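Structure file my_file_8.txt; described as compact mmCIF, C-alpha atoms and all ligand atoms.
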# COMPACT_ATOMS: atom_id res chain seq x y z
CA MET U 1 126.90 45.32 47.46
CA LYS U 2 125.41 45.76 50.89
CA LEU U 3 124.80 49.30 52.06
CA GLN U 4 127.24 48.84 54.91
CA THR U 5 129.99 47.82 52.49
CA ILE U 6 129.31 50.87 50.35
CA LEU U 7 129.37 53.12 53.39
CA SER U 8 132.64 51.76 54.71
CA ALA U 9 134.19 52.04 51.25
CA ALA U 10 133.12 55.69 51.17
CA ALA U 11 134.54 56.24 54.64
CA LEU U 12 137.86 54.69 53.62
CA ALA U 13 137.99 56.84 50.50
CA ALA U 14 137.37 59.92 52.62
CA LEU U 15 140.09 58.89 55.07
CA ALA U 16 142.51 58.28 52.24
CA SER U 17 141.95 61.76 50.84
CA THR U 18 142.26 63.68 54.11
CA GLY U 19 144.59 61.23 55.85
CA ALA U 20 145.06 61.72 59.56
CA LEU U 21 145.87 65.37 58.92
CA ALA U 22 142.51 66.64 60.08
CA GLN U 23 143.49 65.63 63.60
CA GLY U 24 147.01 66.94 63.12
CA GLY U 25 146.06 70.50 62.23
CA ASP U 26 148.01 73.18 64.10
CA PRO U 27 145.70 76.10 64.97
CA ALA U 28 148.64 78.48 65.58
CA LYS U 29 149.92 77.98 62.04
CA GLY U 30 146.35 78.11 60.77
CA GLN U 31 145.80 81.51 62.39
CA ALA U 32 148.50 83.08 60.22
CA LEU U 33 147.02 81.48 57.11
CA PHE U 34 143.52 82.61 58.04
CA ALA U 35 144.50 86.31 57.84
CA THR U 36 143.79 86.23 54.09
CA CYS U 37 140.55 84.30 54.50
CA ALA U 38 139.26 86.81 57.07
CA ALA U 39 139.04 89.50 54.36
CA CYS U 40 136.01 87.71 52.92
CA HIS U 41 134.86 85.26 55.60
CA GLY U 42 135.23 87.68 58.55
CA ALA U 43 137.69 87.76 61.45
CA ASN U 44 135.75 85.07 63.31
CA ALA U 45 134.77 83.20 60.15
CA GLU U 46 131.26 84.47 60.75
CA GLY U 47 130.73 84.94 57.01
CA MET U 48 130.04 88.04 54.91
CA GLU U 49 126.92 87.97 52.82
CA ALA U 50 127.93 91.09 50.85
CA LEU U 51 130.90 89.11 49.49
CA ASN U 52 128.93 85.85 49.21
CA ALA U 53 131.44 84.26 51.59
CA PRO U 54 129.71 81.80 53.92
CA LYS U 55 130.17 81.34 57.64
CA LEU U 56 132.88 78.77 58.33
CA SER U 57 132.87 78.74 62.13
CA GLY U 58 131.05 75.75 63.52
CA GLN U 59 131.62 73.79 60.32
CA GLU U 60 133.27 70.36 60.53
CA ASP U 61 137.04 70.55 59.98
CA TRP U 62 136.96 67.54 57.64
CA TYR U 63 134.33 69.23 55.49
CA ILE U 64 136.36 72.45 55.29
CA ILE U 65 139.45 70.46 54.29
CA ARG U 66 137.51 68.57 51.63
CA GLN U 67 136.09 71.76 50.12
CA LEU U 68 139.55 73.37 50.10
CA GLN U 69 140.91 70.30 48.30
CA ASN U 70 138.03 70.52 45.82
CA PHE U 71 138.70 74.19 45.15
CA LYS U 72 142.44 73.64 44.82
CA SER U 73 142.10 70.67 42.45
CA GLY U 74 139.47 72.42 40.35
CA VAL U 75 136.60 70.07 41.22
CA ARG U 76 134.85 73.17 42.54
CA GLY U 77 135.03 76.78 41.35
CA THR U 78 136.11 76.29 37.75
CA ASN U 79 132.78 76.38 35.93
CA PRO U 80 132.24 79.96 34.62
CA ARG U 81 128.65 79.73 35.85
CA ASP U 82 129.97 79.08 39.37
CA THR U 83 130.58 82.80 39.95
CA TYR U 84 131.20 82.65 43.69
CA GLY U 85 133.10 79.40 43.54
CA MET U 86 135.44 81.04 41.03
CA GLN U 87 136.13 83.79 43.57
CA MET U 88 137.07 81.24 46.19
CA ALA U 89 139.12 78.89 44.01
CA PRO U 90 142.25 81.09 43.74
CA MET U 91 142.20 81.51 47.53
CA ALA U 92 142.65 77.77 48.02
CA GLN U 93 145.82 78.03 45.94
CA ILE U 94 147.53 80.06 48.67
CA LEU U 95 147.36 76.97 50.88
CA PRO U 96 150.44 75.02 49.77
CA ASP U 97 149.40 71.52 50.85
CA ASP U 98 146.99 69.32 52.82
CA GLN U 99 148.79 70.19 56.05
CA ALA U 100 148.11 73.91 55.52
CA MET U 101 144.44 73.07 54.90
CA ALA U 102 144.34 71.04 58.12
CA ASP U 103 146.02 73.90 60.00
CA VAL U 104 143.55 76.51 58.80
CA ALA U 105 140.61 74.18 59.52
CA ALA U 106 141.99 73.58 63.02
CA TYR U 107 142.14 77.34 63.59
CA ILE U 108 138.57 77.84 62.34
CA LYS U 109 137.49 75.19 64.86
CA THR U 110 138.79 77.39 67.71
CA LEU U 111 136.63 80.36 66.66
CA PRO U 112 133.47 81.18 68.58
CA GLN U 113 130.12 80.42 66.97
CA GLN U 114 128.25 83.62 66.17
C1 LIG U 201 137.91 86.88 47.83
C2 LIG U 201 137.08 86.46 48.95
C3 LIG U 201 137.44 85.15 49.63
C4 LIG U 201 138.61 84.85 50.30
C5 LIG U 201 139.81 85.75 50.53
C6 LIG U 201 138.44 83.50 50.79
N1 LIG U 201 137.22 83.00 50.45
FE1 LIG U 201 136.46 81.17 50.94
N2 LIG U 201 134.78 81.56 49.88
C7 LIG U 201 134.53 82.73 49.23
C8 LIG U 201 133.26 82.62 48.53
C9 LIG U 201 132.60 83.71 47.70
C10 LIG U 201 132.76 81.33 48.82
C11 LIG U 201 131.45 80.70 48.35
C12 LIG U 201 131.69 79.82 47.16
C13 LIG U 201 130.43 79.24 46.59
O1 LIG U 201 129.36 79.87 46.68
O2 LIG U 201 130.50 78.12 46.08
C14 LIG U 201 133.76 80.69 49.66
C15 LIG U 201 133.65 79.38 50.12
C16 LIG U 201 134.54 78.79 50.98
C17 LIG U 201 134.42 77.46 51.52
C18 LIG U 201 133.30 76.47 51.24
C19 LIG U 201 132.25 76.56 52.30
C20 LIG U 201 131.16 75.51 52.14
O3 LIG U 201 130.33 75.42 53.05
O4 LIG U 201 131.14 74.76 51.15
C21 LIG U 201 135.49 77.25 52.34
C22 LIG U 201 135.80 76.00 53.15
C23 LIG U 201 136.29 78.45 52.30
N3 LIG U 201 135.69 79.37 51.48
C24 LIG U 201 137.45 78.62 53.02
C25 LIG U 201 138.33 79.70 52.83
C26 LIG U 201 139.65 79.75 53.40
C27 LIG U 201 140.24 78.72 54.34
C28 LIG U 201 140.22 80.91 52.95
C29 LIG U 201 141.62 81.41 53.20
C30 LIG U 201 142.68 80.56 52.71
C31 LIG U 201 139.22 81.58 52.12
N4 LIG U 201 138.11 80.80 52.07
C32 LIG U 201 139.41 82.82 51.50
C33 LIG U 201 135.30 83.87 49.19
C34 LIG U 201 136.58 83.98 49.73
What do you get writing this file as structure tokens?
Amino acid sequence: MKLQTILSAAALAALASTGALAQGGDPAKGQALFATCAACHGANAEGMEALNAPKLSGQEDWYIIRQLQNFKSGVRGTNPRDTYGMQMAPMAQILPDDQAMADVAAYIKTLPQQ
């Protein structure tokens, strides 16, 4: 397989998993959802090292959505050795669906970089 074919297959797979929702995220709805996240990630998603919660502001919305999907499906944060991932995994469960993930990612995108 040519590299280009592999790359476009990967891009299609990524599109299939996030759909067009990344563009359709509603920051106003995401703001309400983010209230919980702010407890660990900070009000401006600036991150909180004491809680091992990384900065999210400035991060790509599609990457945030993908990580939330990974946490929710158990791809990430289920190995007992993944201490910090296991703290985050239950948080992804409060986001009911892909739309909620897109909404919260859209809100994070509006936050200032610090
Ligand atoms: C109890 C504290 C806590 C809360 C609340 C919390 N998180 Fe997290 N989050 C973490 C920790 C700790 C990590 C780091 C996990 C790791 O090291 O793998 C993390 C990681 C993440 C990541 C992965 C970042 C990356 O670069 O891979 C995303 C995205 C994320 N959180 C989003 C959210 C969202 C959205 C919410 C609200 C629905 C939220 N978090 C609520 C603690 C929290």
Extending 3 Å beyond the listed atoms of ligand LIG 201 (chain U) on each side, what axis-aligned box results? I want centre and edge lengths in Å to one decimal, as AutoDock Vina command-line options.
--center_x 136.0 --center_y 80.8 --center_z 50.2 --size_x 19.3 --size_y 18.1 --size_z 14.3
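Near Gly77 in chain U, within 10 Å and counting all atoms listed in the file, sit Asn70, Phe71, Thr83, Tyr84, Gly85, Met86, Gln87, Met88, Ala89 and Pro90 of chain U, not including residues fewer than 6 positions from it in the same chain.
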Considering only C-alpha atoms and all ligand atoms, state which residue in the set U:Gly58, U:Met101, U:Pro80, U:Asn44 is at the smallest distance from ligand LIG 201 (chain U).
U:Met101
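Of the residues under consideration (U:Thr110, U:Gln31, U:Asn52, U:Asn79), U:Asn52 shows the shortest atom-to-atom contact distance to ligand LIG 201 (chain U) when counting all atoms listed in the file.
Taking all atoms listed in the file into account, the residues that come within 6 Å of ligand LIG 201 (chain U) are Phe34, Thr36, Cys37, Ala39, Cys40, Leu51, Asn52, Ala53, Pro54, Ile64, Gln67, Leu68, Tyr84, Gly85, Gln87, Met88, Met91, Ala92 and Val104 of chain U.
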What does the structure give for the distance between CA of Thr78 in chain U and CA of Pro96 in chain U, in Å to one decimal?
18.7 Å
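One finds CA of Gly25 in chain U at 6.8 Å from CA of Gln99 in chain U.
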Do you have the CA of Ala28 in chain U-CA of Ala100 in chain U distance handy?
11.1 Å
Can you save range 66-113 of chain U of the given block to a file, including C-alpha atoms and formatted as a compact mmCIF listing (two decimals), in the first residue's frame?
# COMPACT_ATOMS: atom_id res chain seq x y z
CA ARG U 66 -10.78 11.61 20.47
CA GLN U 67 -9.28 11.40 23.97
CA LEU U 68 -12.73 11.78 25.55
CA GLN U 69 -14.00 8.95 23.34
CA ASN U 70 -11.00 6.85 24.37
CA PHE U 71 -11.63 7.49 28.05
CA LYS U 72 -15.34 6.80 27.72
CA SER U 73 -14.88 3.56 25.78
CA GLY U 74 -12.14 2.34 28.10
CA VAL U 75 -9.33 2.46 25.54
CA ARG U 76 -7.64 4.88 27.94
CA GLY U 77 -7.75 5.04 31.73
CA THR U 78 -8.64 1.45 32.57
CA ASN U 79 -5.22 -0.06 33.24
CA PRO U 80 -4.61 0.01 37.03
CA ARG U 81 -1.09 1.25 36.31
CA ASP U 82 -2.59 4.25 34.48
CA THR U 83 -3.23 6.08 37.77
CA TYR U 84 -4.05 9.49 36.32
CA GLY U 85 -5.94 8.10 33.37
CA MET U 86 -8.14 6.23 35.84
CA GLN U 87 -8.96 9.54 37.53
CA MET U 88 -10.04 11.04 34.24
CA ALA U 89 -11.98 8.07 32.85
CA PRO U 90 -15.09 8.44 35.06
CA MET U 91 -15.23 12.13 34.11
CA ALA U 92 -15.71 11.24 30.46
CA GLN U 93 -18.77 9.24 31.50
CA ILE U 94 -20.62 12.42 32.46
CA LEU U 95 -20.57 13.40 28.79
CA PRO U 96 -23.59 11.52 27.42
CA ASP U 97 -22.61 11.35 23.74
CA ASP U 98 -20.31 12.52 20.95
CA GLN U 99 -22.28 15.76 20.65
CA ALA U 100 -21.57 16.62 24.30
CA MET U 101 -17.87 15.92 23.66
CA ALA U 102 -17.94 18.21 20.62
CA ASP U 103 -19.71 20.89 22.67
CA VAL U 104 -17.18 20.83 25.49
CA ALA U 105 -14.28 20.81 22.99
CA ALA U 106 -15.85 23.80 21.22
CA TYR U 107 -16.02 25.66 24.53
CA ILE U 108 -12.39 24.85 25.37
CA LYS U 109 -11.45 26.31 21.98
CA THR U 110 -12.89 29.69 23.06
CA LEU U 111 -10.68 29.86 26.17
CA PRO U 112 -7.62 32.10 26.19
CA GLN U 113 -4.20 30.49 25.99
